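One structure below.
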Amino acid sequence: MNMISLLVELKDRHCVVVGGGKIAYRKVMMLLEEEAKVTVISPKACSEIEELSKGEKIKLIQRKAVEEDFSHAFLTIAATNEVEENRRITQRLKSISLVNDASAYEEGNCQIPASFKKGRLHLSVSTNGASPKLAKRMKEVWQEKYDDNYIAYIDFLYEVRNLLKQKSLPPEVSHAILEEILDNAYKDSGELRHIYYEKLLNL
Ligand SMILES: C[C@@]1(CC(=O)O)c2cc3[nH]c(cc4nc(cc5[nH]c(cc(n2)[C@H]1CCC(=O)O)[C@@](C)(CC(=O)O)[C@@H]5CCC(=O)O)C(CC(=O)O)=C4CCC(=O)O)c(CCC(=O)O)c3CC(=O)O
Ligand SMILES: NC(=O)C1=CN([C@@H]2O[C@H](COP(=O)(O)OP(=O)(O)OC[C@H]3O[C@@H](n4cnc5c(N)ncnc54)[C@H](O)[C@@H]3O)[C@@H](O)[C@H]2O)C=CC1
């Protein structure tokens with residue numbers, strides 16, 4: 001459980017998923033969403049993974065994994081249904097690259113939490129293997145709570161902060177502004193946000 005939360009960019013990074021079942025497929029979809037370069041290694045693959053391979057979305061290698069398969073891997077996900085094989089891969093890689101063991105949270109050096117993105121907002125939760133179902137449920141509660149209003153609101157927070165970076169206001173003034181715009185009124189009213197931003201432009 002000695003882990004910190006990090007946001008990691010996977011775009012164009014070489015990622016390897018070992019195993020070709022439904023869990024491997026779920027992880028592959030997550031990686032493709034992040035625009036990673038994905039290789040799947042598995043003697044057999046489910047039809048969804050085969051389809052991705054035919055459409056050249058991923059590279060599929062239909063055999064067991066060998067040492068060289070990991071030489072350029074930035075992140076590896078061991079997701080076979082053979083717990084020992086997952087452990088072997090994870091032990092081999094954990095001191096040199098990111099590796100997640102889908103069958104044992106404590107084996108790898110990273111975990112994949114339940115997460116939810118909306119605009120600039122990114123929320124993640126892990127129960128460290130206690131209850132993936134609880135993590136999923138918490139994520140779903142957030143999905144309800146953080147509705148579309150938050151996209152424009154957080155964009156507004158971002159723009160105000162960028163504007164403040166350009167202006168050389170005394171730090172206490174900047175901090176007061178950053179505090180003030182956390183008021184719910186700004187979340188709820190686009191008009192109020194617009195007026196506030198215009199006022200700041202003229203400061
Ligand atoms: C350690 C971890 C892997 C890691 O490090 O990444 C891990 C491990 C295992 N999961 C198992 C089972 C299930 N996992 C889910 C669902 C999710 N599991 C996810 C994460 C994690 N699962 C990490 C810990 C996160 C944490 O604890 O918070 C989520 C959040 C994210 C994702 O996977 O994308 C995703 C929700 C997706 C979403 O948000 O929508 C469901 C429910 C469902 O599918 O609906 C079930 C069935 C119910 C049950 O068993 O509880 C088993 C037993 C397998 C077996 O018995 O063979 C193991 C192995 C073990 O625990 O040993
Ligand atoms: N992290 C998570 O959210 C979850 C993880 N799991 C774990 O994920 C693992 C996979 O689960 P499923 O996809 O449901 O299994 P599955 O039985 O659908 O698929 C297993 C796949 O692994 C492949 N495989 C078997 N031995 C292999 C080897 N030596 N090298 C490469 N590929 C090999 C098989 O050909 C098959 O494609 C299990 O260990 C399970 O405990 C299960 C549920 C959720």
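Identifiers in this document derive from the order of the structure tokens: chains are assigned A, B, ..., residues are numbered from 1 separately in each chain, and ligands are numbered from 1 in order of occurrence.
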
Alpha helix (DSSP H) residues, from DSSP on the backbone, in chain A, as a PyMOL selection string | chain A and resi 22-33+47-54+83-93+132-145+149-166+171-180+184-188+190-201

Leaving out Gln111 of chain A and any residue of its chain fewer than 4 positions from it, which residues lie within 9 Å of it when counting only C-alpha atoms, given as a ChimeraX atom specification?
-> /A:3,99-102,105-106,126,128

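With only C-alpha atoms and all ligand atoms as the basis for measurement, A:Phe116 is the residue among A:Phe74, A:Tyr153, A:Phe116, A:Trp142 that approaches ligand 1 most closely.
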
What do you get as a ChimeraX atom specification if you pick all residues at most 6 Å from ligand 2, counting only C-alpha atoms and all ligand atoms?
-> /A:18-24,41-45,64-65,79-83,85,102-103

Output N, CA and C atoms for every residue in that selection, as a short mmCIF file (atom, residue, chain, number, x, y, z; two decimals), in the first residue's frame.
data_model
loop_
_atom_site.label_atom_id
_atom_site.label_comp_id
_atom_site.auth_asym_id
_atom_site.auth_seq_id
_atom_site.Cartn_x
_atom_site.Cartn_y
_atom_site.Cartn_z
N VAL A 18 -0.18 -8.58 -21.44
CA VAL A 18 -0.01 -10.03 -21.59
C VAL A 18 -1.32 -10.70 -21.17
N GLY A 19 -1.84 -11.54 -22.06
CA GLY A 19 -3.16 -12.15 -21.84
C GLY A 19 -4.13 -11.58 -22.86
N GLY A 20 -5.11 -12.39 -23.24
CA GLY A 20 -6.02 -11.95 -24.30
C GLY A 20 -7.48 -12.14 -23.94
N GLY A 21 -7.79 -12.10 -22.65
CA GLY A 21 -9.19 -12.30 -22.21
C GLY A 21 -9.91 -10.98 -22.02
N LYS A 22 -11.03 -11.06 -21.27
CA LYS A 22 -11.87 -9.85 -21.16
C LYS A 22 -11.21 -8.76 -20.32
N ILE A 23 -10.39 -9.16 -19.34
CA ILE A 23 -9.71 -8.14 -18.54
C ILE A 23 -8.63 -7.47 -19.38
N ALA A 24 -7.88 -8.28 -20.12
CA ALA A 24 -6.87 -7.71 -21.03
C ALA A 24 -7.55 -6.72 -21.98
N ILE A 41 0.14 -9.79 -26.05
CA ILE A 41 0.84 -11.07 -26.23
C ILE A 41 0.03 -12.15 -25.53
N SER A 42 -0.47 -13.09 -26.32
CA SER A 42 -1.30 -14.16 -25.74
C SER A 42 -1.49 -15.26 -26.78
N PRO A 43 -1.33 -16.52 -26.36
CA PRO A 43 -1.52 -17.59 -27.33
C PRO A 43 -2.92 -17.55 -27.96
N LYS A 44 -3.91 -17.20 -27.15
CA LYS A 44 -5.28 -17.06 -27.67
C LYS A 44 -5.80 -15.69 -27.30
N ALA A 45 -6.61 -15.09 -28.17
CA ALA A 45 -7.17 -13.78 -27.85
C ALA A 45 -8.68 -13.79 -28.10
N LYS A 64 3.25 -17.24 -26.13
CA LYS A 64 3.58 -16.79 -24.78
C LYS A 64 4.65 -15.70 -24.85
N ALA A 65 4.71 -14.88 -23.82
CA ALA A 65 5.67 -13.77 -23.84
C ALA A 65 7.10 -14.27 -23.60
N ALA A 79 -1.99 -9.72 -17.42
CA ALA A 79 -3.42 -10.01 -17.24
C ALA A 79 -3.78 -11.38 -17.81
N THR A 80 -2.88 -12.34 -17.60
CA THR A 80 -3.25 -13.71 -18.00
C THR A 80 -4.06 -14.31 -16.84
N ASN A 81 -4.66 -15.46 -17.10
CA ASN A 81 -5.39 -16.13 -16.01
C ASN A 81 -4.47 -17.10 -15.26
N GLU A 82 -3.16 -17.03 -15.57
CA GLU A 82 -2.19 -17.84 -14.83
C GLU A 82 -1.47 -16.94 -13.84
N VAL A 83 -1.88 -17.03 -12.60
CA VAL A 83 -1.36 -16.14 -11.56
C VAL A 83 0.17 -16.19 -11.48
N GLU A 85 2.32 -16.91 -13.88
CA GLU A 85 2.90 -16.22 -15.05
C GLU A 85 2.85 -14.69 -14.83
N ALA A 102 -2.64 -7.67 -12.85
CA ALA A 102 -4.11 -7.58 -12.75
C ALA A 102 -4.68 -8.59 -11.77
N SER A 103 -3.86 -9.58 -11.40
CA SER A 103 -4.40 -10.61 -10.51
C SER A 103 -3.90 -10.47 -9.07
#

Residue contacts of Leu121 of chain A (10 Å, only C-alpha atoms) excluding same-chain residues fewer than 6 positions away, as a list of chain:residue names | A:Tyr146, A:Tyr150, A:Ile151, A:Ile154, A:Asp155

Save out the residues we just selected, N, CA and C atoms, as an mmCIF file, in the first residue's frame.
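Result written to result32.cif:
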data_model
loop_
_atom_site.group_PDB
_atom_site.id
_atom_site.type_symbol
_atom_site.label_atom_id
_atom_site.label_comp_id
_atom_site.auth_asym_id
_atom_site.auth_seq_id
_atom_site.Cartn_x
_atom_site.Cartn_y
_atom_site.Cartn_z
ATOM 1 N N TYR A 146 -20.498 15.256 -10.270
ATOM 2 C CA TYR A 146 -19.749 16.213 -11.086
ATOM 3 C C TYR A 146 -20.307 16.204 -12.504
ATOM 4 N N TYR A 150 -19.424 21.321 -14.414
ATOM 5 C CA TYR A 150 -18.039 21.396 -13.941
ATOM 6 C C TYR A 150 -17.045 21.630 -15.065
ATOM 7 N N ILE A 151 -17.406 21.234 -16.286
ATOM 8 C CA ILE A 151 -16.445 21.398 -17.389
ATOM 9 C C ILE A 151 -16.153 22.888 -17.570
ATOM 10 N N ILE A 154 -14.532 24.538 -14.348
ATOM 11 C CA ILE A 154 -13.095 24.284 -14.153
ATOM 12 C C ILE A 154 -12.271 24.952 -15.250
ATOM 13 N N ASP A 155 -12.833 25.057 -16.432
ATOM 14 C CA ASP A 155 -12.150 25.840 -17.478
ATOM 15 C C ASP A 155 -12.009 27.301 -17.035
#

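Here atom CA of Glu107 of chain A and atom CA of Val17 of chain A stand 15.8 Å from one another.
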
May I ask which of the residues A:Thr127, A:Ser168, A:Thr90, A:Gln143 is the closest one to ligand 1, counting only C-alpha atoms and all ligand atoms?
-> A:Thr127

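If you look at atom CA of Ile89 of chain A and atom 53 (C, counted along the ligand's line) of ligand 1, they are 18.4 Å away from each other.
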
By how many Å are atom 26 (C, counted along the ligand's line) of ligand 1 and atom CA of Pro113 of chain A apart?
-> 6.0 Å

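Minimum atom-to-atom distances from A:Ala114, A:Leu52, A:Val160, A:Ala78 to Pro132 of chain A were compared using only C-alpha atoms, and the lowest value belongs to A:Ala114.
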
Got a sec: who's within 8 Å of Lys57 of chain A, counting only C-alpha atoms, leaving out chain neighbours fewer than 4 positions off, as a ChimeraX atom specification?
-> /A:32,38,52-53

Output N, CA and C atoms of each residue in that selection to a file, as a PDB file, in the first residue's frame.
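The new file again.pdb reads:
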ATOM      1  N   LEU A  32      -5.743   2.455 -25.280  1.00  0.00           N
ATOM      2  CA  LEU A  32      -6.004   3.076 -26.585  1.00  0.00           C
ATOM      3  C   LEU A  32      -6.637   4.453 -26.421  1.00  0.00           C
ATOM      4  N   VAL A  38      -0.038  -0.102 -28.398  1.00  0.00           N
ATOM      5  CA  VAL A  38      -0.334  -1.288 -27.597  1.00  0.00           C
ATOM      6  C   VAL A  38       0.045  -2.583 -28.318  1.00  0.00           C
ATOM      7  N   LEU A  52      -9.455  -5.693 -32.989  1.00  0.00           N
ATOM      8  CA  LEU A  52      -8.556  -4.527 -32.869  1.00  0.00           C
ATOM      9  C   LEU A  52      -7.280  -4.763 -33.659  1.00  0.00           C
ATOM     10  N   SER A  53      -6.823  -6.015 -33.631  1.00  0.00           N
ATOM     11  CA  SER A  53      -5.598  -6.356 -34.351  1.00  0.00           C
ATOM     12  C   SER A  53      -5.824  -6.273 -35.861  1.00  0.00           C
TER      13      SER A  53
END

Quick one: pick out all strand (DSSP E or B) residues within segment 33-198 of chain A from a backbone DSSP run and write them as a ChimeraX atom specification.
-> /A:37-41,59-61,75-78,98-101,114-118,121-125

Could you save those same residues with C-alpha atoms as a CSV table (one decimal), in the first residue's frame?
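Output contents, as saved in part11.csv:
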chain,number,residue,atom,x,y,z
A,37,LYS,CA,1.0,2.1,-28.7
A,38,VAL,CA,-0.3,-1.3,-27.6
A,39,THR,CA,1.0,-4.8,-28.1
A,40,VAL,CA,-1.0,-7.8,-26.8
A,41,ILE,CA,0.8,-11.1,-26.2
A,59,LYS,CA,-0.2,-5.4,-32.5
A,60,LEU,CA,-1.2,-8.9,-31.5
A,61,ILE,CA,1.5,-11.6,-30.9
A,75,LEU,CA,4.1,0.0,-19.0
A,76,THR,CA,3.3,-3.7,-18.9
A,77,ILE,CA,0.0,-5.2,-17.7
A,78,ALA,CA,0.2,-8.8,-16.7
A,98,LEU,CA,6.0,0.3,-14.8
A,99,VAL,CA,4.2,-3.0,-14.3
A,100,ASN,CA,0.7,-3.9,-13.1
A,101,ASP,CA,-0.4,-7.3,-12.0
A,114,ALA,CA,-11.3,3.4,-10.9
A,115,SER,CA,-11.2,6.8,-12.5
A,116,PHE,CA,-13.4,9.4,-14.1
A,117,LYS,CA,-12.5,12.4,-16.3
A,118,LYS,CA,-14.6,15.4,-17.1
A,121,LEU,CA,-11.3,17.2,-13.8
A,122,HIS,CA,-9.8,13.8,-13.1
A,123,LEU,CA,-10.8,11.8,-10.1
A,124,SER,CA,-9.4,8.4,-9.2
A,125,VAL,CA,-10.0,6.0,-6.3

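Take the candidates A:Arg13, A:Lys54, A:Lys133, A:Arg92 and check each one against ligand 1 using only C-alpha atoms and all ligand atoms; the shortest distance goes to A:Lys133.
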
For ligand 1, which residue out of A:Leu31, A:Ala185, A:Ile49, A:Leu164 is the nearest one, using only C-alpha atoms and all ligand atoms?
-> A:Leu31

From the set A:Leu203, A:Cys110, A:Glu51, A:Arg26, which residue has the shortest atom-to-atom contact distance to Asn2 of chain A, counting only C-alpha atoms?
-> A:Cys110

Which residues, written as a VMD selection string, have at least one atom at most 6 Å from Lys11 of chain A, with only C-alpha atoms counted and residues fewer than 2 positions away on the same chain left out?
-> chain A and resid 9 13 34 to 36
